[in-house]
$ cat run10.cif   # mmCIF, C-alpha atoms and all ligand atoms
data_run
#
loop_
_atom_site.group_PDB
_atom_site.id
_atom_site.type_symbol
_atom_site.label_atom_id
_atom_site.label_comp_id
_atom_site.auth_asym_id
_atom_site.auth_seq_id
_atom_site.Cartn_x
_atom_site.Cartn_y
_atom_site.Cartn_z
ATOM 1 C CA MET K 1 124.343 59.219 80.057
ATOM 2 C CA LEU K 2 121.897 57.587 77.721
ATOM 3 C CA LEU K 3 118.547 59.169 76.982
ATOM 4 C CA LYS K 4 116.904 57.451 79.927
ATOM 5 C CA LYS K 5 118.487 55.965 82.989
ATOM 6 C CA THR K 6 117.578 55.043 86.530
ATOM 7 C CA PHE K 7 120.274 55.366 89.151
ATOM 8 C CA GLU K 8 120.596 55.442 92.889
ATOM 9 C CA ILE K 9 122.219 58.071 95.090
ATOM 10 C CA GLU K 10 122.269 57.750 98.869
ATOM 11 C CA GLY K 11 119.428 55.279 98.774
ATOM 12 C CA LEU K 12 117.266 57.427 96.530
ATOM 13 C CA GLN K 13 116.215 56.036 93.205
ATOM 14 C CA ILE K 14 116.281 58.682 90.515
ATOM 15 C CA PHE K 15 114.792 58.406 87.071
ATOM 16 C CA ALA K 16 116.803 60.573 84.702
ATOM 17 C CA GLN K 17 115.833 61.596 81.224
ATOM 18 C CA ARG K 18 117.625 63.782 78.710
ATOM 19 C CA LYS K 19 115.357 66.369 77.175
ATOM 20 C CA ARG K 20 115.480 69.559 75.171
ATOM 21 C CA VAL K 21 115.532 71.793 78.248
ATOM 22 C CA LYS K 22 117.798 74.600 79.386
ATOM 23 C CA ASN K 23 118.338 73.658 83.009
ATOM 24 C CA LEU K 24 118.672 70.593 85.154
ATOM 25 C CA ARG K 25 115.439 69.938 86.980
ATOM 26 C CA LEU K 26 114.567 67.642 89.851
ATOM 27 C CA TYR K 27 111.038 66.917 90.912
ATOM 28 C CA ILE K 28 109.034 64.308 92.725
ATOM 29 C CA SER K 29 106.009 62.842 91.050
ATOM 30 C CA GLN K 30 103.000 63.178 93.311
ATOM 31 C CA LYS K 31 101.511 60.034 91.866
ATOM 32 C CA ASP K 32 104.140 57.519 92.938
ATOM 33 C CA LEU K 33 106.695 59.665 94.805
ATOM 34 C CA GLN K 34 109.293 58.807 92.177
ATOM 35 C CA VAL K 35 112.179 61.249 91.871
ATOM 36 C CA HIS K 36 112.618 62.521 88.316
ATOM 37 C CA LEU K 37 115.593 64.317 86.878
ATOM 38 C CA THR K 38 115.427 66.194 83.603
ATOM 39 C CA VAL K 39 118.835 66.696 82.012
ATOM 40 C CA PRO K 40 119.644 69.044 79.134
ATOM 41 C CA PHE K 41 121.329 67.319 76.196
ATOM 42 C CA TYR K 42 124.553 69.242 76.696
ATOM 43 C CA ALA K 43 124.936 68.704 80.468
ATOM 44 C CA CYS K 44 127.898 66.540 81.444
ATOM 45 C CA GLU K 45 127.509 63.638 83.825
ATOM 46 C CA LYS K 46 129.844 65.042 86.464
ATOM 47 C CA TYR K 47 127.950 68.307 86.702
ATOM 48 C CA THR K 48 124.627 66.458 86.735
ATOM 49 C CA LEU K 49 125.714 64.241 89.618
ATOM 50 C CA GLU K 50 127.034 67.209 91.556
ATOM 51 C CA PHE K 51 123.700 68.912 91.088
ATOM 52 C CA VAL K 52 121.800 65.864 92.354
ATOM 53 C CA HIS K 53 124.137 65.501 95.339
ATOM 54 C CA SER K 54 123.551 69.109 96.287
ATOM 55 C CA LYS K 55 119.801 68.476 96.333
ATOM 56 C CA ILE K 56 119.718 65.153 98.192
ATOM 57 C CA LYS K 57 119.003 66.701 101.571
ATOM 58 C CA TRP K 58 116.159 68.752 100.137
ATOM 59 C CA LEU K 59 114.774 65.768 98.232
ATOM 60 C CA LYS K 60 114.721 63.578 101.320
ATOM 61 C CA LYS K 61 112.981 66.279 103.301
ATOM 62 C CA VAL K 62 110.306 66.827 100.667
ATOM 63 C CA LEU K 63 109.830 63.088 100.219
ATOM 64 C CA GLU K 64 109.377 62.593 103.931
ATOM 65 C CA LYS K 65 106.801 65.331 104.003
ATOM 66 C CA MET K 66 104.968 63.925 101.009
ATOM 67 C CA LYS K 67 104.906 60.489 102.604
ATOM 68 C CA ALA K 68 103.651 61.922 105.890
ATOM 69 C CA ASN K 69 100.721 63.645 104.259
ATOM 70 C CA PRO K 70 100.283 61.948 100.955
ATOM 71 C CA PRO K 71 98.791 64.108 98.241
ATOM 72 C CA VAL K 72 98.519 60.878 96.291
ATOM 73 C CA LEU K 73 95.012 59.909 97.274
ATOM 74 C CA GLN K 74 93.687 63.394 96.789
ATOM 75 C CA ASN K 75 95.261 63.726 93.423
ATOM 76 C CA LEU K 76 94.171 60.423 92.015
ATOM 77 C CA SER K 77 90.592 61.546 91.690
ATOM 78 C CA GLU K 78 89.664 63.819 88.830
ATOM 79 C CA ILE K 79 89.036 67.440 89.593
ATOM 80 C CA THR K 80 85.326 68.067 89.256
ATOM 81 C CA LYS K 81 83.586 70.919 87.453
ATOM 82 C CA GLU K 82 82.350 72.177 90.825
ATOM 83 C CA GLU K 83 85.893 72.315 92.134
ATOM 84 C CA ILE K 84 87.040 74.230 89.078
ATOM 85 C CA GLU K 85 84.220 76.731 89.579
ATOM 86 C CA GLU K 86 85.158 77.071 93.225
ATOM 87 C CA LEU K 87 88.753 77.753 92.229
ATOM 88 C CA ARG K 88 87.648 80.245 89.572
ATOM 89 C CA ASN K 89 85.688 82.050 92.264
ATOM 90 C CA LEU K 90 88.588 82.132 94.686
ATOM 91 C CA ILE K 91 91.061 83.376 92.109
ATOM 92 C CA SER K 92 88.599 86.004 90.815
ATOM 93 C CA ASN K 93 88.638 87.493 94.293
ATOM 94 C CA MET K 94 92.377 87.276 94.745
ATOM 95 C CA VAL K 95 93.515 88.677 91.395
ATOM 96 C CA PRO K 96 92.145 92.247 91.796
ATOM 97 C CA LEU K 97 93.486 92.415 95.322
ATOM 98 C CA TRP K 98 96.980 91.408 94.264
ATOM 99 C CA GLU K 99 96.857 93.565 91.155
ATOM 100 C CA PHE K 100 96.177 96.484 93.462
ATOM 101 C CA ARG K 101 98.898 95.522 95.939
ATOM 102 C CA LEU K 102 101.513 95.045 93.266
ATOM 103 C CA GLY K 103 100.354 97.862 91.036
ATOM 104 C CA VAL K 104 100.023 95.644 87.967
ATOM 105 C CA LYS K 105 97.224 94.482 85.716
ATOM 106 C CA ALA K 106 96.944 91.125 84.034
ATOM 107 C CA LYS K 107 95.510 91.164 80.551
ATOM 108 C CA GLU K 108 93.548 88.030 81.327
ATOM 109 C CA TRP K 109 93.841 84.850 83.309
ATOM 110 C CA LYS K 110 92.543 81.362 82.821
ATOM 111 C CA LEU K 111 92.531 77.935 84.425
ATOM 112 C CA ARG K 112 94.072 74.955 82.770
ATOM 113 C CA LYS K 113 95.118 71.450 83.698
ATOM 114 C CA MET K 114 98.889 71.742 84.087
ATOM 115 C CA LYS K 115 101.184 68.821 84.616
ATOM 116 C CA SER K 116 104.243 70.172 86.303
ATOM 117 C CA ARG K 117 103.516 73.740 87.253
ATOM 118 C CA TRP K 118 101.046 75.629 89.400
ATOM 119 C CA GLY K 119 100.909 78.616 87.159
ATOM 120 C CA SER K 120 102.578 80.556 84.407
ATOM 121 C CA CYS K 121 102.765 84.125 83.218
ATOM 122 C CA ASP K 122 103.396 85.274 79.691
ATOM 123 C CA THR K 123 105.040 88.583 80.449
ATOM 124 C CA ARG K 124 104.906 89.591 76.788
ATOM 125 C CA THR K 125 101.137 89.386 76.563
ATOM 126 C CA GLY K 126 100.274 89.782 80.246
ATOM 127 C CA LYS K 127 98.268 86.557 80.184
ATOM 128 C CA ILE K 128 98.339 84.300 83.207
ATOM 129 C CA THR K 129 97.421 80.651 83.538
ATOM 130 C CA PHE K 130 96.671 78.854 86.791
ATOM 131 C CA SER K 131 96.645 75.110 87.279
ATOM 132 C CA THR K 132 93.277 73.575 88.120
ATOM 133 C CA GLY K 133 95.200 71.354 90.555
ATOM 134 C CA LEU K 134 95.439 74.321 92.909
ATOM 135 C CA ILE K 135 91.966 73.551 94.210
ATOM 136 C CA ARG K 136 93.486 70.676 96.184
ATOM 137 C CA LYS K 137 95.911 73.050 97.852
ATOM 138 C CA SER K 138 95.431 75.339 100.826
ATOM 139 C CA LEU K 139 94.144 78.882 100.403
ATOM 140 C CA ARG K 140 97.504 80.426 101.138
ATOM 141 C CA CYS K 141 99.073 78.252 98.438
ATOM 142 C CA ILE K 142 96.521 79.489 95.922
ATOM 143 C CA GLU K 143 97.140 83.028 97.036
ATOM 144 C CA TYR K 144 100.892 82.586 96.728
ATOM 145 C CA VAL K 145 100.597 81.380 93.137
ATOM 146 C CA VAL K 146 98.319 84.329 92.298
ATOM 147 C CA ALA K 147 100.825 86.754 93.827
ATOM 148 C CA HIS K 148 103.758 84.958 92.199
ATOM 149 C CA GLU K 149 102.367 85.034 88.669
ATOM 150 C CA LEU K 150 101.250 88.666 88.968
ATOM 151 C CA ALA K 151 104.667 89.626 90.342
ATOM 152 C CA HIS K 152 106.149 88.375 87.072
ATOM 153 C CA LEU K 153 104.533 91.410 85.470
ATOM 154 C CA ILE K 154 107.027 93.437 87.494
ATOM 155 C CA VAL K 155 110.048 91.129 87.183
ATOM 156 C CA ALA K 156 109.891 88.486 84.469
ATOM 157 C CA ASP K 157 112.469 86.031 85.786
ATOM 158 C CA HIS K 158 113.154 84.416 89.152
ATOM 159 C CA SER K 159 115.984 86.756 90.066
ATOM 160 C CA LYS K 160 116.714 88.173 93.488
ATOM 161 C CA LYS K 161 114.777 91.228 92.438
ATOM 162 C CA PHE K 162 111.721 89.072 91.831
ATOM 163 C CA TYR K 163 111.854 87.408 95.236
ATOM 164 C CA ALA K 164 112.416 90.795 96.845
ATOM 165 C CA VAL K 165 109.040 91.853 95.435
ATOM 166 C CA ILE K 166 107.462 88.608 96.648
ATOM 167 C CA ALA K 167 109.027 88.857 100.112
ATOM 168 C CA LYS K 168 107.806 92.408 100.544
ATOM 169 C CA HIS K 169 104.180 91.470 100.029
ATOM 170 C CA PHE K 170 104.226 87.811 100.991
ATOM 171 C CA PRO K 171 106.632 87.433 103.942
ATOM 172 C CA TYR K 172 106.001 83.727 104.499
ATOM 173 C CA TRP K 173 106.491 82.781 100.854
ATOM 174 C CA LYS K 174 109.239 80.235 101.555
ATOM 175 C CA GLU K 175 107.006 78.227 103.821
ATOM 176 C CA VAL K 176 104.188 78.232 101.290
ATOM 177 C CA ARG K 177 106.520 77.284 98.498
ATOM 178 C CA ARG K 178 107.594 74.241 100.491
ATOM 179 C CA GLU K 179 103.956 73.328 100.919
ATOM 180 C CA LEU K 180 103.521 73.491 97.159
ATOM 181 C CA ASN K 181 106.479 71.129 96.714
ATOM 182 C CA ILE K 182 107.996 73.084 93.944
ATOM 183 C CA ALA K 183 111.258 74.598 93.017
ATOM 184 C CA SER K 184 109.703 77.104 90.659
ATOM 185 C CA CYS K 185 106.582 78.227 88.900
HETATM 186 ZN ZN ZN R 201 107.557 82.111 88.377
#
$ encode --input "run10.cif" --output "structure tokens"
Amino acid sequence: MLLKKTFEIEGLQIFAQRKRVKNLRLYISQKDLQVHLTVPFYACEKYTLEFVHSKIKWLKKVLEKMKANPPVLQNLSEITKEEIEELRNLISNMVPLWEFRLGVKAKEWKLRKMKSRWGSCDTRTGKITFSTGLIRKSLRCIEYVVAHELAHLIVADHSKKFYAVIAKHFPYWKEVRRELNIASC
């Protein structure tokens, strides 16, 4: 595969791009509902196609959902300062609660405009970042991301152990994760 390529699988148009990344990644752009595929330089075409095929069902489901309640219009407008303050307020209330539940303590947390993720946790420093875009999501989505990032202070990766921690405290996490339209964060 060349560096950039658009191809079609089962009626879905996929825009693929080779990048310096570790894993294959599929996501749908909220702006135009275009399916994007990020491919590591070393990944072979056969494996890549197999990966995409295995995700087609999921992609179609997510796409349908996104079309049914388009986040597009909401997301086109800039997030205002008031919204950011509202989000800061919400998260300030959620963080201590989840720190207590999980028995962890974040060193600090901040809000930042993030393109492809809802949050991140630097487990080395204990610093957490939340996407300002969360303000356009439901409360339980915001709460899930807070719980998710704090849970990384217990388990750094997305192993079974990690999701066991999540499931214990956040039983409906799968549902919320679908609402967030993400594979990971
Ligand atoms: Zn994560």
$ residues_near_ligand --input "run10.cif" --ligand "ligand ZN 201 (chain R)" --cutoff "10 Å" --atoms "all atoms listed in the file" --output "list of chain:residue names"
K:Arg117, K:Trp118, K:Gly119, K:Ser120, K:Cys121, K:Val145, K:Ala147, K:His148, K:Glu149, K:Leu150, K:Ala151, K:His152, K:Val155, K:Ala156, K:Asp157, K:His158, K:Ser159, K:Phe162, K:Tyr163, K:Ala183, K:Ser184, K:Cys185
$ atom_distance --input "run10.cif" --atom1 "atom CA of K:Leu33" --atom2 "atom CA of K:Tyr47"
24.3 Å
$ residues_around --input "run10.cif" --residues "K:Leu26" --least-positions-apart "6" --cutoff "10 Å" --atoms "all atoms listed in the file" --output "ChimeraX atom specification"
/K:14-16,35-39,51-52,55,59,182-183
$ resolve_selection --input "run10.cif" --expression "the PyMOL selection byres (((chain K and resi 82-94) around 10) and not hetatm)" --output "ChimeraX atom specification"
/K:78-81,95-99,109-112,130-136,139,142-147
$ closest_residue --input "run10.cif" --among "K:Ser77, K:Gln30, K:Thr123, K:Thr6" --to "K:Leu63" --atoms "all atoms listed in the file"
K:Gln30
$ atom_distance --input "run10.cif" --atom1 "atom CA of K:Ser54" --atom2 "atom CA of K:Glu10"
11.7 Å
$ closest_residue --input "run10.cif" --among "K:Lys127, K:Arg177, K:Lys60, K:Lys4" --to "K:Glu108" --atoms "all atoms listed in the file"
K:Lys127
$ atom_distance --input "run10.cif" --atom1 "atom CA of K:Tyr172" --atom2 "atom CA of K:His53"
27.3 Å
$ resolve_selection --input "run10.cif" --expression "the PyMOL selection byres (((chain K and resi 62) around 10) and not hetatm)" --output "list in words"
Tyr27, Ile28, Leu33, Ile56, Lys57, Trp58, Leu59, Lys60, Lys61, Leu63, Glu64, Lys65, Met66, Lys67, Ala68, Arg178, Glu179, Asn181 and Ile182 of chain K
$ write_last_selection --input "run10.cif" --atoms "C-alpha atoms" --output "PDB file, in the frame of the given file"
ATOM      1  CA  TYR K  27     111.038  66.917  90.912  1.00  0.00           C
ATOM      2  CA  ILE K  28     109.034  64.308  92.725  1.00  0.00           C
ATOM      3  CA  LEU K  33     106.695  59.665  94.805  1.00  0.00           C
ATOM      4  CA  ILE K  56     119.718  65.153  98.192  1.00  0.00           C
ATOM      5  CA  LYS K  57     119.003  66.701 101.571  1.00  0.00           C
ATOM      6  CA  TRP K  58     116.159  68.752 100.137  1.00  0.00           C
ATOM      7  CA  LEU K  59     114.774  65.768  98.232  1.00  0.00           C
ATOM      8  CA  LYS K  60     114.721  63.578 101.320  1.00  0.00           C
ATOM      9  CA  LYS K  61     112.981  66.279 103.301  1.00  0.00           C
ATOM     10  CA  LEU K  63     109.830  63.088 100.219  1.00  0.00           C
ATOM     11  CA  GLU K  64     109.377  62.593 103.931  1.00  0.00           C
ATOM     12  CA  LYS K  65     106.801  65.331 104.003  1.00  0.00           C
ATOM     13  CA  MET K  66     104.968  63.925 101.009  1.00  0.00           C
ATOM     14  CA  LYS K  67     104.906  60.489 102.604  1.00  0.00           C
ATOM     15  CA  ALA K  68     103.651  61.922 105.890  1.00  0.00           C
ATOM     16  CA  ARG K 178     107.594  74.241 100.491  1.00  0.00           C
ATOM     17  CA  GLU K 179     103.956  73.328 100.919  1.00  0.00           C
ATOM     18  CA  ASN K 181     106.479  71.129  96.714  1.00  0.00           C
ATOM     19  CA  ILE K 182     107.996  73.084  93.944  1.00  0.00           C
TER      20      ILE K 182
END
$ residues_around --input "run10.cif" --residues "K:Leu3" --least-positions-apart "2" --cutoff "8 Å" --atoms "all atoms listed in the file" --output "VMD selection string"
chain K and resid 1 5 17 to 19
$ closest_residue --input "run10.cif" --among "K:Met114, K:Leu102, K:Ser138, K:Gly126" --to "K:His169" --atoms "all atoms listed in the file"
K:Leu102
$ closest_residue --input "run10.cif" --among "K:Gly103, K:Glu45, K:Leu153, K:Lys137" --to "K:Thr125" --atoms "all atoms listed in the file"
K:Leu153
$ closest_residue --input "run10.cif" --among "K:Val176, K:Val21, K:Leu49, K:Ala43" --to "K:Ile9" --atoms "all atoms listed in the file"
K:Leu49
$ closest_residue --input "run10.cif" --among "K:Arg101, K:Leu180, K:Lys115, K:Asp122" --to "K:Lys168" --atoms "only C-alpha atoms"
K:Arg101
